[in-house]
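> This is the content of query_38.txt (compact mmCIF, C-alpha atoms):
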# COMPACT_ATOMS: atom_id res chain seq x y z
CA MET X 1416 10.84 -23.40 41.82
CA SER X 1417 10.76 -25.26 38.54
CA LEU X 1418 10.78 -23.39 35.25
CA ARG X 1419 9.33 -26.41 33.48
CA ASN X 1420 5.67 -27.25 33.82
CA THR X 1421 4.80 -30.16 36.13
CA ASP X 1422 2.07 -32.78 35.73
CA ASP X 1423 0.14 -30.75 38.27
CA ARG X 1424 0.38 -27.12 37.14
CA TRP X 1425 1.90 -24.56 34.79
CA ALA X 1426 5.17 -22.89 35.85
CA TRP X 1427 5.68 -19.14 35.62
CA PRO X 1428 7.34 -18.92 32.15
CA SER X 1429 4.35 -20.62 30.50
CA MET X 1430 1.91 -18.63 32.63
CA THR X 1431 3.59 -15.34 31.81
CA LEU X 1432 3.55 -16.09 28.06
CA HIS X 1433 -0.09 -17.24 28.22
CA TRP X 1434 -1.45 -14.16 29.99
CA LEU X 1435 0.80 -11.65 28.24
CA ILE X 1436 -0.17 -12.97 24.82
CA ALA X 1437 -3.84 -13.11 25.89
CA VAL X 1438 -3.80 -9.41 26.83
CA LEU X 1439 -1.95 -8.44 23.62
CA ILE X 1440 -4.36 -10.43 21.43
CA LEU X 1441 -7.39 -8.79 23.07
CA ALA X 1442 -5.74 -5.40 22.51
CA LEU X 1443 -5.07 -6.30 18.86
CA LEU X 1444 -8.69 -7.31 18.29
CA ALA X 1445 -9.90 -4.06 19.85
CA VAL X 1446 -7.46 -1.81 17.94
CA GLY X 1447 -8.07 -3.74 14.71
CA TRP X 1448 -11.80 -3.38 15.13
CA VAL X 1449 -11.60 0.40 15.54
CA MET X 1450 -8.83 1.28 13.10
CA VAL X 1451 -10.51 0.02 9.93
CA ASP X 1452 -13.17 2.72 10.35
CA LEU X 1453 -10.72 5.58 10.92
CA PRO X 1454 -10.26 8.13 8.13
CA ARG X 1455 -7.22 7.16 6.06
CA THR X 1456 -5.02 10.15 6.78
CA PRO X 1457 -1.55 10.41 8.34
CA ARG X 1458 -3.21 11.73 11.49
CA TYR X 1459 -4.31 8.18 12.39
CA PHE X 1460 -1.48 6.13 10.90
CA TRP X 1461 0.01 5.68 14.40
CA VAL X 1462 -2.98 3.46 15.25
CA TYR X 1463 -2.11 1.13 12.37
CA ASP X 1464 1.56 1.19 13.34
CA LEU X 1465 0.63 0.32 16.94
CA HIS X 1466 -1.51 -2.63 15.78
CA LYS X 1467 1.25 -3.90 13.50
CA SER X 1468 3.95 -3.48 16.16
CA ILE X 1469 1.92 -5.33 18.81
CA GLY X 1470 1.14 -8.02 16.20
CA LEU X 1471 4.82 -8.57 15.47
CA THR X 1472 5.44 -8.75 19.23
CA VAL X 1473 2.81 -11.50 19.45
CA LEU X 1474 4.50 -13.34 16.57
CA ALA X 1475 7.82 -13.32 18.43
CA LEU X 1476 6.18 -14.33 21.72
CA MET X 1477 4.18 -17.12 20.03
CA LEU X 1478 7.34 -18.59 18.49
CA LEU X 1479 9.01 -18.42 21.89
CA ARG X 1480 5.94 -19.98 23.49
CA LEU X 1481 5.79 -22.80 20.95
CA GLY X 1482 9.45 -23.63 21.59
CA TRP X 1483 8.93 -23.40 25.34
CA ARG X 1484 5.86 -25.64 25.20
CA LEU X 1485 7.85 -28.29 23.33
CA TYR X 1486 10.67 -28.01 25.86
CA ALA X 1487 8.73 -27.54 29.10
CA GLY X 1488 5.72 -29.80 28.44
CA ALA X 1489 2.22 -29.34 29.83
CA PRO X 1490 0.30 -30.53 32.89
CA ARG X 1491 -1.88 -33.62 32.55
CA PRO X 1492 -5.65 -33.11 32.34
CA VAL X 1493 -7.24 -32.75 35.77
CA PRO X 1494 -8.49 -36.08 37.17
CA GLY X 1495 -11.93 -37.01 35.90
CA THR X 1496 -11.50 -35.42 32.45
CA GLY X 1497 -13.10 -37.60 29.78
CA ALA X 1498 -11.22 -38.61 26.64
CA ALA X 1499 -13.58 -36.62 24.40
CA GLN X 1500 -13.28 -33.55 26.62
CA HIS X 1501 -9.48 -33.81 26.58
CA LEU X 1502 -9.44 -34.23 22.81
CA ALA X 1503 -11.67 -31.18 22.36
CA ALA X 1504 -9.41 -29.11 24.61
CA GLN X 1505 -6.31 -30.26 22.68
CA ALA X 1506 -7.96 -29.42 19.37
CA VAL X 1507 -8.82 -25.89 20.53
CA HIS X 1508 -5.30 -25.38 21.89
CA VAL X 1509 -3.70 -26.47 18.62
CA ALA X 1510 -6.12 -24.26 16.66
CA ILE X 1511 -5.30 -21.24 18.86
CA TYR X 1512 -1.56 -21.78 18.29
CA VAL X 1513 -2.11 -22.06 14.52
CA VAL X 1514 -4.34 -18.98 14.28
CA ALA X 1515 -2.25 -16.92 16.73
CA LEU X 1516 0.72 -17.54 14.42
CA ALA X 1517 -1.26 -17.16 11.17
CA MET X 1518 -2.68 -13.76 12.22
CA PRO X 1519 0.60 -11.85 12.56
CA ILE X 1520 2.07 -13.61 9.51
CA SER X 1521 -0.95 -12.77 7.32
CA GLY X 1522 -0.94 -9.23 8.71
CA TRP X 1523 2.75 -8.82 7.91
CA LEU X 1524 2.13 -10.25 4.43
CA TYR X 1525 -0.80 -7.85 3.95
CA ASP X 1526 1.35 -4.91 5.01
CA SER X 1527 4.13 -6.08 2.67
CA ALA X 1528 1.97 -6.83 -0.36
CA SER X 1529 0.16 -3.49 0.03
CA GLY X 1530 3.50 -1.69 -0.18
CA LEU X 1531 1.97 1.51 1.15
CA ARG X 1532 4.39 2.76 3.77
CA ALA X 1533 7.51 1.56 5.48
CA LEU X 1534 6.61 0.03 8.86
CA LYS X 1535 8.64 1.03 11.89
CA PHE X 1536 8.44 -1.32 14.88
CA PHE X 1537 7.12 0.92 17.68
CA GLY X 1538 8.57 3.86 15.71
CA MET X 1539 12.11 2.56 16.10
CA VAL X 1540 13.31 -0.02 13.57
CA THR X 1541 12.15 -0.40 9.97
CA VAL X 1542 10.52 -3.80 9.49
CA PRO X 1543 11.48 -5.53 6.23
CA LYS X 1544 8.75 -6.26 3.71
CA LEU X 1545 8.20 -9.99 3.15
CA VAL X 1546 7.22 -9.59 -0.51
CA ALA X 1547 7.11 -6.96 -3.26
CA PRO X 1548 3.78 -5.13 -3.76
CA ASP X 1549 1.28 -7.66 -5.11
CA PRO X 1550 -2.46 -6.84 -5.38
CA GLN X 1551 -3.53 -10.51 -5.48
CA LEU X 1552 -1.47 -11.55 -2.47
CA LYS X 1553 -2.68 -8.39 -0.72
CA ASP X 1554 -6.32 -9.45 -1.16
CA LEU X 1555 -5.57 -13.03 -0.15
CA SER X 1556 -3.63 -12.10 2.99
CA HIS X 1557 -6.26 -9.53 3.91
CA GLY X 1558 -8.97 -12.18 3.60
CA VAL X 1559 -7.01 -14.60 5.78
CA HIS X 1560 -6.40 -11.85 8.35
CA GLU X 1561 -10.04 -10.76 8.47
CA TRP X 1562 -11.53 -14.27 8.62
CA GLY X 1563 -8.76 -15.33 10.99
CA ALA X 1564 -9.92 -12.64 13.41
CA TRP X 1565 -13.41 -14.16 13.52
CA VAL X 1566 -12.03 -17.68 13.93
CA LEU X 1567 -9.77 -16.42 16.70
CA ILE X 1568 -12.70 -14.77 18.50
CA ALA X 1569 -14.65 -18.06 18.29
CA LEU X 1570 -11.66 -20.00 19.64
CA ILE X 1571 -11.15 -17.55 22.49
CA VAL X 1572 -14.83 -17.84 23.43
CA ALA X 1573 -14.57 -21.65 23.38
CA HIS X 1574 -11.28 -21.67 25.34
CA ALA X 1575 -12.27 -19.10 27.98
CA GLY X 1576 -15.77 -20.56 28.18
CA ALA X 1577 -14.36 -24.03 28.84
CA ALA X 1578 -12.03 -22.63 31.52
CA LEU X 1579 -15.00 -21.00 33.25
CA VAL X 1580 -17.04 -24.21 33.05
CA HIS X 1581 -14.13 -26.04 34.71
CA HIS X 1582 -13.89 -23.36 37.36
CA LEU X 1583 -17.52 -22.60 38.13
CA VAL X 1584 -19.45 -25.73 37.15
CA GLN X 1585 -17.05 -28.65 37.51
CA ARG X 1586 -15.18 -26.78 40.26
CA ASP X 1587 -11.84 -28.40 39.38
CA ARG X 1588 -8.27 -26.95 39.36
CA THR X 1589 -7.97 -26.30 35.60
CA LEU X 1590 -8.02 -22.49 35.84
CA TRP X 1591 -6.06 -22.40 39.13
CA ARG X 1592 -3.22 -24.23 37.42
CA MET X 1593 -2.78 -21.32 34.98
CA LEU X 1594 -2.67 -18.81 37.87
CA PRO X 1595 0.22 -18.26 40.33
CA ALA X 1596 0.31 -20.95 43.00
CA SER X 1597 -0.03 -18.30 45.71
CA PHE X 1598 -3.49 -17.43 44.35
CA GLU X 1599 -4.63 -21.04 44.85
CA GLN X 1600 -3.11 -21.31 48.32
CA SER X 1601 -4.76 -18.13 49.55
CA ARG X 1602 -8.29 -18.91 48.42
CA MET F 924 -0.45 39.07 -59.82
CA TRP F 925 -0.75 39.25 -56.00
CA LYS F 926 -3.60 36.82 -56.17
CA TRP F 927 -1.43 34.30 -58.00
CA MET F 928 1.42 34.68 -55.57
CA LEU F 929 -0.97 34.08 -52.69
CA LEU F 930 -2.31 30.96 -54.35
CA LEU F 931 1.23 29.73 -55.00
CA GLY F 932 2.17 30.41 -51.39
CA ALA F 933 -0.87 28.52 -50.13
CA ALA F 934 -0.10 25.60 -52.42
CA LEU F 935 3.40 25.38 -50.93
CA ALA F 936 2.29 26.01 -47.35
CA VAL F 937 -0.40 23.35 -47.12
CA PRO F 938 1.82 20.34 -47.86
CA ALA F 939 4.50 21.78 -45.61
CA ALA F 940 2.05 21.96 -42.68
CA ALA F 941 0.80 18.46 -43.36
CA ARG F 942 4.34 17.13 -43.50
CA GLY F 943 5.01 19.38 -40.49
CA ALA F 944 4.27 16.68 -38.11
CA ASP F 945 1.09 15.68 -36.48
CA TRP F 946 1.45 12.38 -34.71
CA GLN F 947 -1.03 9.79 -33.60
CA ALA F 948 -0.18 7.88 -30.40
CA ASP F 949 -0.78 4.15 -30.15
CA PRO F 950 -2.54 3.84 -26.75
CA ALA F 951 -1.50 0.21 -26.30
CA ALA F 952 2.19 1.09 -26.65
CA SER F 953 2.14 4.42 -24.84
CA SER F 954 2.27 5.15 -21.14
CA LEU F 955 2.15 8.01 -18.68
CA GLU F 956 3.55 7.08 -15.28
CA PHE F 957 4.36 8.76 -12.01
CA SER F 958 6.51 7.72 -9.09
CA GLY F 959 7.18 8.88 -5.57
CA ALA F 960 7.71 7.70 -2.02
CA ALA F 961 5.41 7.48 0.98
CA GLU F 962 7.21 7.24 4.32
CA GLY F 963 10.23 5.75 2.62
CA GLU F 964 8.30 3.23 0.53
CA ALA F 965 8.55 3.82 -3.22
CA PHE F 966 5.44 3.64 -5.37
CA THR F 967 4.67 3.93 -9.05
CA GLY F 968 1.39 4.59 -10.78
CA ARG F 969 0.10 5.17 -14.24
CA PHE F 970 -2.73 7.00 -15.90
CA LYS F 971 -4.69 4.47 -17.87
CA GLN F 972 -6.51 7.20 -19.82
CA PHE F 973 -4.67 10.12 -21.38
CA THR F 974 -4.78 11.71 -24.80
CA PRO F 975 -1.61 13.22 -26.24
CA LEU F 976 -1.97 15.54 -29.22
CA ILE F 977 1.55 15.75 -30.54
CA ARG F 978 2.77 18.08 -33.26
CA PHE F 979 6.51 17.86 -33.41
CA ASP F 980 9.20 18.38 -35.98
CA PRO F 981 12.84 18.68 -34.88
CA ALA F 982 13.34 20.97 -37.87
CA ASP F 983 10.44 23.20 -36.85
CA LEU F 984 10.44 23.54 -33.07
CA GLY F 985 8.58 26.84 -33.37
CA GLY F 986 5.63 25.09 -35.00
CA SER F 987 5.63 22.20 -32.53
CA ARG F 988 3.02 21.77 -29.86
CA PHE F 989 2.11 19.20 -27.19
CA GLU F 990 -1.33 19.11 -25.74
CA VAL F 991 -2.03 16.29 -23.31
CA ASP F 992 -5.32 15.62 -21.61
CA ILE F 993 -5.18 13.36 -18.53
CA ASP F 994 -8.09 11.55 -16.90
CA LEU F 995 -7.09 11.77 -13.23
CA ALA F 996 -9.61 9.13 -12.11
CA SER F 997 -7.73 6.60 -14.24
CA ALA F 998 -4.69 6.74 -11.92
CA ASP F 999 -3.67 3.21 -10.94
CA THR F 1000 -0.98 2.55 -8.31
CA GLN F 1001 -1.70 -1.17 -7.83
CA ASN F 1002 -3.40 -0.53 -4.50
CA ALA F 1003 -7.13 0.19 -4.30
CA GLU F 1004 -6.93 2.11 -1.01
CA ARG F 1005 -4.14 4.33 -2.28
CA ASP F 1006 -5.99 4.93 -5.55
CA GLU F 1007 -9.08 5.93 -3.61
CA THR F 1008 -7.04 8.35 -1.49
CA LEU F 1009 -5.47 9.71 -4.68
CA ARG F 1010 -8.89 10.40 -6.22
CA GLY F 1011 -10.14 11.96 -2.98
CA SER F 1012 -10.34 15.61 -2.02
CA ASP F 1013 -6.88 15.71 -0.38
CA PHE F 1014 -5.13 14.73 -3.60
CA PHE F 1015 -6.53 14.96 -7.16
CA SER F 1016 -10.05 15.74 -5.99
CA VAL F 1017 -11.46 14.23 -9.19
CA ALA F 1018 -15.02 15.18 -8.26
CA ARG F 1019 -14.06 18.85 -8.68
CA PHE F 1020 -11.14 18.51 -11.09
CA PRO F 1021 -11.59 15.39 -13.21
CA ARG F 1022 -8.86 16.24 -15.70
CA ALA F 1023 -5.36 17.63 -15.80
CA SER F 1024 -3.78 19.10 -18.92
CA TYR F 1025 -0.32 19.83 -20.18
CA LEU F 1026 0.28 22.38 -22.92
CA ALA F 1027 3.69 23.11 -24.40
CA THR F 1028 4.49 25.42 -27.29
CA ALA F 1029 8.10 26.34 -26.44
CA PHE F 1030 10.76 23.78 -27.30
CA ARG F 1031 14.54 23.68 -26.91
CA ASP F 1032 17.03 21.46 -28.69
CA LEU F 1033 19.38 19.95 -26.07
CA GLY F 1034 21.45 18.11 -28.70
CA GLY F 1035 21.85 14.43 -29.41
CA GLY F 1036 18.16 13.84 -30.08
CA ARG F 1037 17.19 15.34 -26.75
CA TYR F 1038 14.72 18.16 -26.39
CA ALA F 1039 12.97 20.10 -23.67
CA ALA F 1040 9.38 21.27 -23.72
CA ASP F 1041 8.71 24.26 -21.49
CA GLY F 1042 5.01 23.79 -20.91
CA THR F 1043 2.28 24.48 -18.43
CA LEU F 1044 0.63 21.81 -16.30
CA THR F 1045 -2.87 22.52 -15.09
CA LEU F 1046 -3.83 20.35 -12.13
CA ARG F 1047 -6.53 21.00 -9.53
CA GLY F 1048 -7.22 24.26 -11.34
CA ILE F 1049 -3.66 25.50 -10.75
CA ALA F 1050 -1.44 26.25 -13.77
CA LYS F 1051 2.33 26.17 -13.25
CA PRO F 1052 5.33 25.70 -15.55
CA VAL F 1053 6.67 22.15 -15.90
CA THR F 1054 9.54 21.21 -18.19
CA LEU F 1055 9.46 17.87 -19.96
CA GLU F 1056 12.80 16.58 -21.20
CA PHE F 1057 12.55 13.95 -23.88
CA ILE F 1058 14.37 11.87 -26.39
CA TRP F 1059 12.83 11.91 -29.83
CA SER F 1060 13.60 9.13 -32.24
CA ALA F 1061 11.93 8.96 -35.61
CA GLN F 1062 12.17 6.13 -38.07
CA GLY F 1063 10.11 6.30 -41.27
CA GLU F 1064 6.43 6.85 -40.53
CA GLY F 1065 6.90 6.16 -36.83
CA ALA F 1066 8.50 7.90 -33.89
CA THR F 1067 8.95 7.37 -30.19
CA LEU F 1068 9.09 9.95 -27.46
CA GLU F 1069 10.59 9.10 -24.08
CA GLY F 1070 10.21 11.91 -21.61
CA LYS F 1071 10.72 12.73 -17.95
CA ALA F 1072 9.62 15.60 -15.75
CA THR F 1073 9.56 16.38 -12.07
CA VAL F 1074 6.44 17.85 -10.52
CA GLN F 1075 6.40 19.44 -7.07
CA ARG F 1076 3.05 18.17 -5.84
CA LEU F 1077 2.45 21.03 -3.40
CA ASP F 1078 2.70 23.53 -6.30
CA PHE F 1079 -0.66 22.10 -7.26
CA ASP F 1080 -2.05 21.56 -3.73
CA VAL F 1081 -1.87 17.79 -4.24
CA GLY F 1082 -1.80 16.20 -0.78
CA ALA F 1083 -1.79 19.43 1.17
CA GLY F 1084 -3.04 19.49 4.78
CA ASP F 1085 -2.40 16.26 6.70
CA TRP F 1086 -0.24 14.88 3.91
CA ALA F 1087 1.86 17.99 3.31
CA ASP F 1088 5.02 16.73 4.99
CA ASP F 1089 7.80 15.59 2.66
CA SER F 1090 8.45 12.54 4.86
CA THR F 1091 4.78 11.51 4.59
CA VAL F 1092 4.62 11.75 0.81
CA ALA F 1093 7.75 13.03 -0.95
CA HIS F 1094 7.20 16.45 -2.50
CA ALA F 1095 8.97 15.61 -5.76
CA ILE F 1096 6.93 13.35 -8.02
CA GLY F 1097 8.67 11.88 -11.03
CA VAL F 1098 6.67 11.72 -14.23
CA SER F 1099 7.74 9.60 -17.15
CA THR F 1100 6.10 8.98 -20.47
CA ARG F 1101 6.69 6.86 -23.50
CA LEU F 1102 4.72 7.53 -26.64
CA THR F 1103 4.70 5.30 -29.67
CA LEU F 1104 3.67 7.56 -32.54
CA ARG F 1105 2.64 7.24 -36.12
CA ALA F 1106 2.54 10.11 -38.58
CA ARG F 1107 -1.01 11.24 -39.29
Give the structure from this file in structure tokens form.


Amino acid sequence: MSLRNTDDRWAWPSMTLHWLIAVLILALLAVGWVMVDLPRTPRYFWVYDLHKSIGLTVLALMLLRLGWRLYAGAPRPVPGTGAAQHLAAQAVHVAIYVVALAMPISGWLYDSASGLRALKFFGMVTVPKLVAPDPQLKDLSHGVHEWGAWVLIALIVAHAGAALVHHLVQRDRTLWRMLPASFEQSR
Amino acid sequence: MWKWMLLLGAALAVPAAARGADWQADPAASSLEFSGAAEGEAFTGRFKQFTPLIRFDPADLGGSRFEVDIDLASADTQNAERDETLRGSDFFSVARFPRASYLATAFRDLGGGRYAADGTLTLRGIAKPVTLEFIWSAQGEGATLEGKATVQRLDFDVGAGDWADDSTVAHAIGVSTRLTLRAR
């Protein structure tokens, strides 16, 4: 079994990173959505810490995924994909990589520039602050993080929507290729 | 005869009191700051509005007096969320207690230009003793006061309840002030 992706389908390292990061990003959006409305007391600080810890996990996984993508390549578009369709897919993929990296970085910057509390990664290790407290950078990074969330939601809708169109309307192998081969064989 | 002696006494006393030492602070060159730590992360803040009434004469500690009025809502820690929490009911509760005050009438000479004021801080309606140690340096018509004190926040119910733990917000809050003064 190849670790690298083939022209025909994704191999398990890429698949694992894709689905793991997908689940973590959906969790981050949900936790982020809820936590901003919580009362700001130490009773609920664990929710913020959880969001930040998962976010830093996504940052590490995204860097790993970017490196792996460059090393392991990607399958070719399924036969019959038009040039415009392929270009649109590529553009969304690049945008998701950019935003999925920009979100944890802007969040980390926001945490750092706020200078409110030391952050412990899943309650274990103290995470260094990227910058000294800075109200202007705090507002800027917060803006990027908040708008980035909306952009990310739009990209996820486009990406998942396109996958479903491939699967249900065009009835091609695009989605199968991102699922374990045994799933496709047993359908 | 007694009448004349009284008049003479008054004539001597009035200039002495005037010389005695009332000082006017220059707001632009004066500061009142506080510092602490929240879950290991240090923070500093300052009160943008405070009014120090300073009567001080190293040669007349018994006649000296500090009276400082502090606008708690003017606290600025360079973070809007933290400032809002600070003004809220768990901390300063400015809606109920908009001002804090410090009154000192007992002074000690610690030597070398250093003094201690044994005063009373009133915060959130609670009055407790707080000692301010300061360096006094006078030159001509001007003087500067550089002082430090430590306030135990829970003495004044500041951040009680959910915030009471020392590891959440350190109990000891450092207060430092610098006053640039001009003789009245």

> Atom CA of Ala1498 of chain X to atom CA of Gly1482 of chain X: how many Å, to one decimal?

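Straight-line distance from atom CA of Ala1498 of chain X to atom CA of Gly1482 of chain X works out to 26.0 Å.
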
> May I ask which of the residues X:Ala1506, X:Val1449, X:Pro1494, X:Pro1519 is the closest one to Leu1476 of chain X, counting all atoms listed in the file?

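Ranked by minimum distance to Leu1476 of chain X, first place goes to X:Pro1519.
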
> List as a Markdown table every residue of chain X that is in contact with chain F, defined as an atom at most 7 Å from one of its atoms (using all atoms listed in the file), together with the nearest atom pair and the distance in Å rounded to one decimal, sorted by chain and then rising number.


| residue | atom | partner | partner_atom | distance |
| --- | --- | --- | --- | --- |
| X:Thr1456 | CA | F:Asp1085 | CA | 6.6 |
| X:Pro1457 | CA | F:Asp1085 | CA | 6.1 |
| X:Arg1458 | CA | F:Asp1085 | CA | 6.6 |
| X:Ser1529 | CA | F:Asn1002 | CA | 6.5 |
| X:Gly1530 | CA | F:Glu964 | CA | 6.9 |
| X:Leu1531 | CA | F:Glu964 | CA | 6.6 |
| X:Arg1532 | CA | F:Glu964 | CA | 5.1 |
| X:Ala1533 | CA | F:Glu964 | CA | 5.3 |
| X:Pro1550 | CA | F:Gln1001 | CA | 6.2 |

> Applying 8 Å and all atoms listed in the file, which residues near Ala1517 of chain X remain after dropping the ones on its own chain fewer than 3 positions away? List them as a short mmCIF file (atom, residue, chain, number, x, y, z; two decimals) with C-alpha atoms, keeping the file's coordinate frame.


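So selection-v2.cif came out as:
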data_model
loop_
_atom_site.label_atom_id
_atom_site.label_comp_id
_atom_site.auth_asym_id
_atom_site.auth_seq_id
_atom_site.Cartn_x
_atom_site.Cartn_y
_atom_site.Cartn_z
CA VAL X 1513 -2.11 -22.06 14.52
CA VAL X 1514 -4.34 -18.98 14.28
CA ILE X 1520 2.07 -13.61 9.51
CA SER X 1521 -0.95 -12.77 7.32
CA HIS X 1560 -6.40 -11.85 8.35
CA GLY X 1563 -8.76 -15.33 10.99
#

> Work out how far atom CA of Trp1448 of chain X is from atom CA of Leu1524 of chain X, in Å to one decimal.

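About the pair atom CA of Leu1524 of chain X and atom CA of Trp1448 of chain X: they are 18.9 Å apart.
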
> (2.9, -20.7, 35.6) in this file's frame - what residues fall within 12 Å of it? Use all atoms listed in the file and give the answer as a ChimeraX atom specification.

/X:1416-1421,1423-1435,1484,1487-1490,1590-1599

> Please produce an output containing C-alpha atoms for each residue in the selection, written as a PDB file, in the coordinates of the input.


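This went into again09.pdb:
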ATOM      1  CA  MET X1416      10.840 -23.400  41.820  1.00  0.00           C
ATOM      2  CA  SER X1417      10.760 -25.260  38.540  1.00  0.00           C
ATOM      3  CA  LEU X1418      10.780 -23.390  35.250  1.00  0.00           C
ATOM      4  CA  ARG X1419       9.330 -26.410  33.480  1.00  0.00           C
ATOM      5  CA  ASN X1420       5.670 -27.250  33.820  1.00  0.00           C
ATOM      6  CA  THR X1421       4.800 -30.160  36.130  1.00  0.00           C
ATOM      7  CA  ASP X1423       0.140 -30.750  38.270  1.00  0.00           C
ATOM      8  CA  ARG X1424       0.380 -27.120  37.140  1.00  0.00           C
ATOM      9  CA  TRP X1425       1.900 -24.560  34.790  1.00  0.00           C
ATOM     10  CA  ALA X1426       5.170 -22.890  35.850  1.00  0.00           C
ATOM     11  CA  TRP X1427       5.680 -19.140  35.620  1.00  0.00           C
ATOM     12  CA  PRO X1428       7.340 -18.920  32.150  1.00  0.00           C
ATOM     13  CA  SER X1429       4.350 -20.620  30.500  1.00  0.00           C
ATOM     14  CA  MET X1430       1.910 -18.630  32.630  1.00  0.00           C
ATOM     15  CA  THR X1431       3.590 -15.340  31.810  1.00  0.00           C
ATOM     16  CA  LEU X1432       3.550 -16.090  28.060  1.00  0.00           C
ATOM     17  CA  HIS X1433      -0.090 -17.240  28.220  1.00  0.00           C
ATOM     18  CA  TRP X1434      -1.450 -14.160  29.990  1.00  0.00           C
ATOM     19  CA  LEU X1435       0.800 -11.650  28.240  1.00  0.00           C
ATOM     20  CA  ARG X1484       5.860 -25.640  25.200  1.00  0.00           C
ATOM     21  CA  ALA X1487       8.730 -27.540  29.100  1.00  0.00           C
ATOM     22  CA  GLY X1488       5.720 -29.800  28.440  1.00  0.00           C
ATOM     23  CA  ALA X1489       2.220 -29.340  29.830  1.00  0.00           C
ATOM     24  CA  PRO X1490       0.300 -30.530  32.890  1.00  0.00           C
ATOM     25  CA  LEU X1590      -8.020 -22.490  35.840  1.00  0.00           C
ATOM     26  CA  TRP X1591      -6.060 -22.400  39.130  1.00  0.00           C
ATOM     27  CA  ARG X1592      -3.220 -24.230  37.420  1.00  0.00           C
ATOM     28  CA  MET X1593      -2.780 -21.320  34.980  1.00  0.00           C
ATOM     29  CA  LEU X1594      -2.670 -18.810  37.870  1.00  0.00           C
ATOM     30  CA  PRO X1595       0.220 -18.260  40.330  1.00  0.00           C
ATOM     31  CA  ALA X1596       0.310 -20.950  43.000  1.00  0.00           C
ATOM     32  CA  SER X1597      -0.030 -18.300  45.710  1.00  0.00           C
ATOM     33  CA  PHE X1598      -3.490 -17.430  44.350  1.00  0.00           C
ATOM     34  CA  GLU X1599      -4.630 -21.040  44.850  1.00  0.00           C
TER      35      GLU X1599
END

> Kindly reconstruct segment 1055-1067 of chain F with N, CA and C atoms and present the result as a JSON list (two decimals), keeping the file's coordinate frame.


[["chain", "number", "residue", "atom", "x", "y", "z"],
["F", 1055, "LEU", "N", 9.34, 19.28, -19.60],
["F", 1055, "LEU", "CA", 9.46, 17.87, -19.96],
["F", 1055, "LEU", "C", 10.70, 17.70, -20.83],
["F", 1056, "GLU", "N", 11.63, 16.90, -20.37],
["F", 1056, "GLU", "CA", 12.80, 16.58, -21.20],
["F", 1056, "GLU", "C", 12.55, 15.26, -21.88],
["F", 1057, "PHE", "N", 12.85, 15.20, -23.18],
["F", 1057, "PHE", "CA", 12.55, 13.95, -23.88],
["F", 1057, "PHE", "C", 13.54, 13.63, -24.98],
["F", 1058, "ILE", "N", 13.57, 12.36, -25.28],
["F", 1058, "ILE", "CA", 14.37, 11.87, -26.39],
["F", 1058, "ILE", "C", 13.41, 11.57, -27.53],
["F", 1059, "TRP", "N", 13.69, 12.11, -28.67],
["F", 1059, "TRP", "CA", 12.83, 11.91, -29.83],
["F", 1059, "TRP", "C", 13.58, 11.03, -30.81],
["F", 1060, "SER", "N", 12.98, 9.92, -31.18],
["F", 1060, "SER", "CA", 13.60, 9.13, -32.24],
["F", 1060, "SER", "C", 12.56, 8.77, -33.28],
["F", 1061, "ALA", "N", 12.85, 9.19, -34.50],
["F", 1061, "ALA", "CA", 11.93, 8.96, -35.61],
["F", 1061, "ALA", "C", 12.54, 7.96, -36.57],
["F", 1062, "GLN", "N", 11.71, 7.04, -37.01],
["F", 1062, "GLN", "CA", 12.17, 6.13, -38.07],
["F", 1062, "GLN", "C", 11.00, 5.90, -39.03],
["F", 1063, "GLY", "N", 11.17, 6.43, -40.27],
["F", 1063, "GLY", "CA", 10.11, 6.30, -41.27],
["F", 1063, "GLY", "C", 8.85, 7.02, -40.85],
["F", 1064, "GLU", "N", 7.74, 6.26, -40.86],
["F", 1064, "GLU", "CA", 6.43, 6.85, -40.53],
["F", 1064, "GLU", "C", 6.19, 6.86, -39.01],
["F", 1065, "GLY", "N", 7.11, 6.26, -38.27],
["F", 1065, "GLY", "CA", 6.90, 6.16, -36.83],
["F", 1065, "GLY", "C", 7.90, 6.99, -36.04],
["F", 1066, "ALA", "N", 7.59, 7.19, -34.79],
["F", 1066, "ALA", "CA", 8.50, 7.90, -33.89],
["F", 1066, "ALA", "C", 8.20, 7.48, -32.47],
["F", 1067, "THR", "N", 9.21, 7.59, -31.61],
["F", 1067, "THR", "CA", 8.95, 7.37, -30.19],
["F", 1067, "THR", "C", 9.45, 8.57, -29.42]]
